[in-house]
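> Dropping the structure in here first, questions after.
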Amino acid sequence: MKMLLPGLIAIVLAACAAVPEKKSVDSNALYSRLGGAAGVEAVVDAALRRIHGDLRINIFFEKSDLADVRRLLIEQICAATGGPCTYSGRSMEEAHSGMNLTDQDFDIFVEDLVAAMTEVKVSPELQQELLALFGPMRPQVVGQ
Ligand code: HEM
């Protein structure tokens, strides 16, 4: 038995090393149907381009690190749609605190997001699924 133990440990370690440390993603998850990482990135890039060029709300982003906002939005959408990510940003209340955003600002943000999704050819059905996940965040974003 004493002789066998190191061999057994070696086998177990080799088996562990062989299993890739990747969270499995359900092929039916919204994340997969959006096109995985590339799909989510395309949505966020198109949305941020529109928001950045939107004179009605771009002032809010004047002092923001857009690369940071991009990274966190990708993470958040990936996590919320069943992708293999963990959101590492602040809570929605904290992230938008001091901005005093109105319902109108929120509607414009959603309008830009919808236009972006249409631009990158996300179907209306998938757009609705994504909006159903983020629409309920309105009270955590508006009036903070
Ligand atoms: C459901 C709607 C929204 C979601 C899911 C969302 C998500 C996020 C996320 C994930 C961040 C980064 C968090 C962090 O810095 O830790 C962020 C930051 C930010 N959001 Fe939103 N947001 C929403 C609505 C809005 C709206 C309506 C506006 C303005 C019109 C806005 C303006 C900003 C700005 C300016 C920042 C950067 C804050 C900073 O630089 O400190 N967001 N948002």
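Each chain of the structure tokens is named A, B, ... in the order shown, its residues numbered from 1; ligands are numbered from 1 in display order.
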List all protein, DNA and RNA residues that have an atom no more than 8 Å from any atom of ligand 1, counting only C-alpha atoms and all ligand atoms, and report them as a ChimeraX atom specification.
/A:57-66,68-70,72-77,88-92,94-96,99,101-103,105-110,134-138,141-142
> Can you pull out the residues contacting Gly82 (chain A)? Cut-off 8 Å, using only C-alpha atoms, and skip same-chain residues under 6 positions away; I want them as a list in words.
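Those residues are Val25, Asp26, Ala29, Leu30 and Tyr31 of chain A.
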> Given the choices A:Thr81, A:Pro139, A:Leu133, A:Asp54, which gets closest to Asn100 (chain A) if the distance is worked out from only C-alpha atoms?
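Of the candidates, the smallest distance to Asn100 (chain A) is held by A:Pro139.
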> Of the candidates A:Gly53, A:Ala80, A:Asp45, A:Arg33, which one gets nearest to Val122 (chain A) if we count only C-alpha atoms?
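When distances to Val122 (chain A) are compared using only C-alpha atoms, the smallest one comes from A:Arg33.
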> Separation of CA of Ala46 (chain A) and CA of Ala116 (chain A), in Å?
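CA of Ala116 (chain A) lies at a distance of 5.0 Å from CA of Ala46 (chain A).
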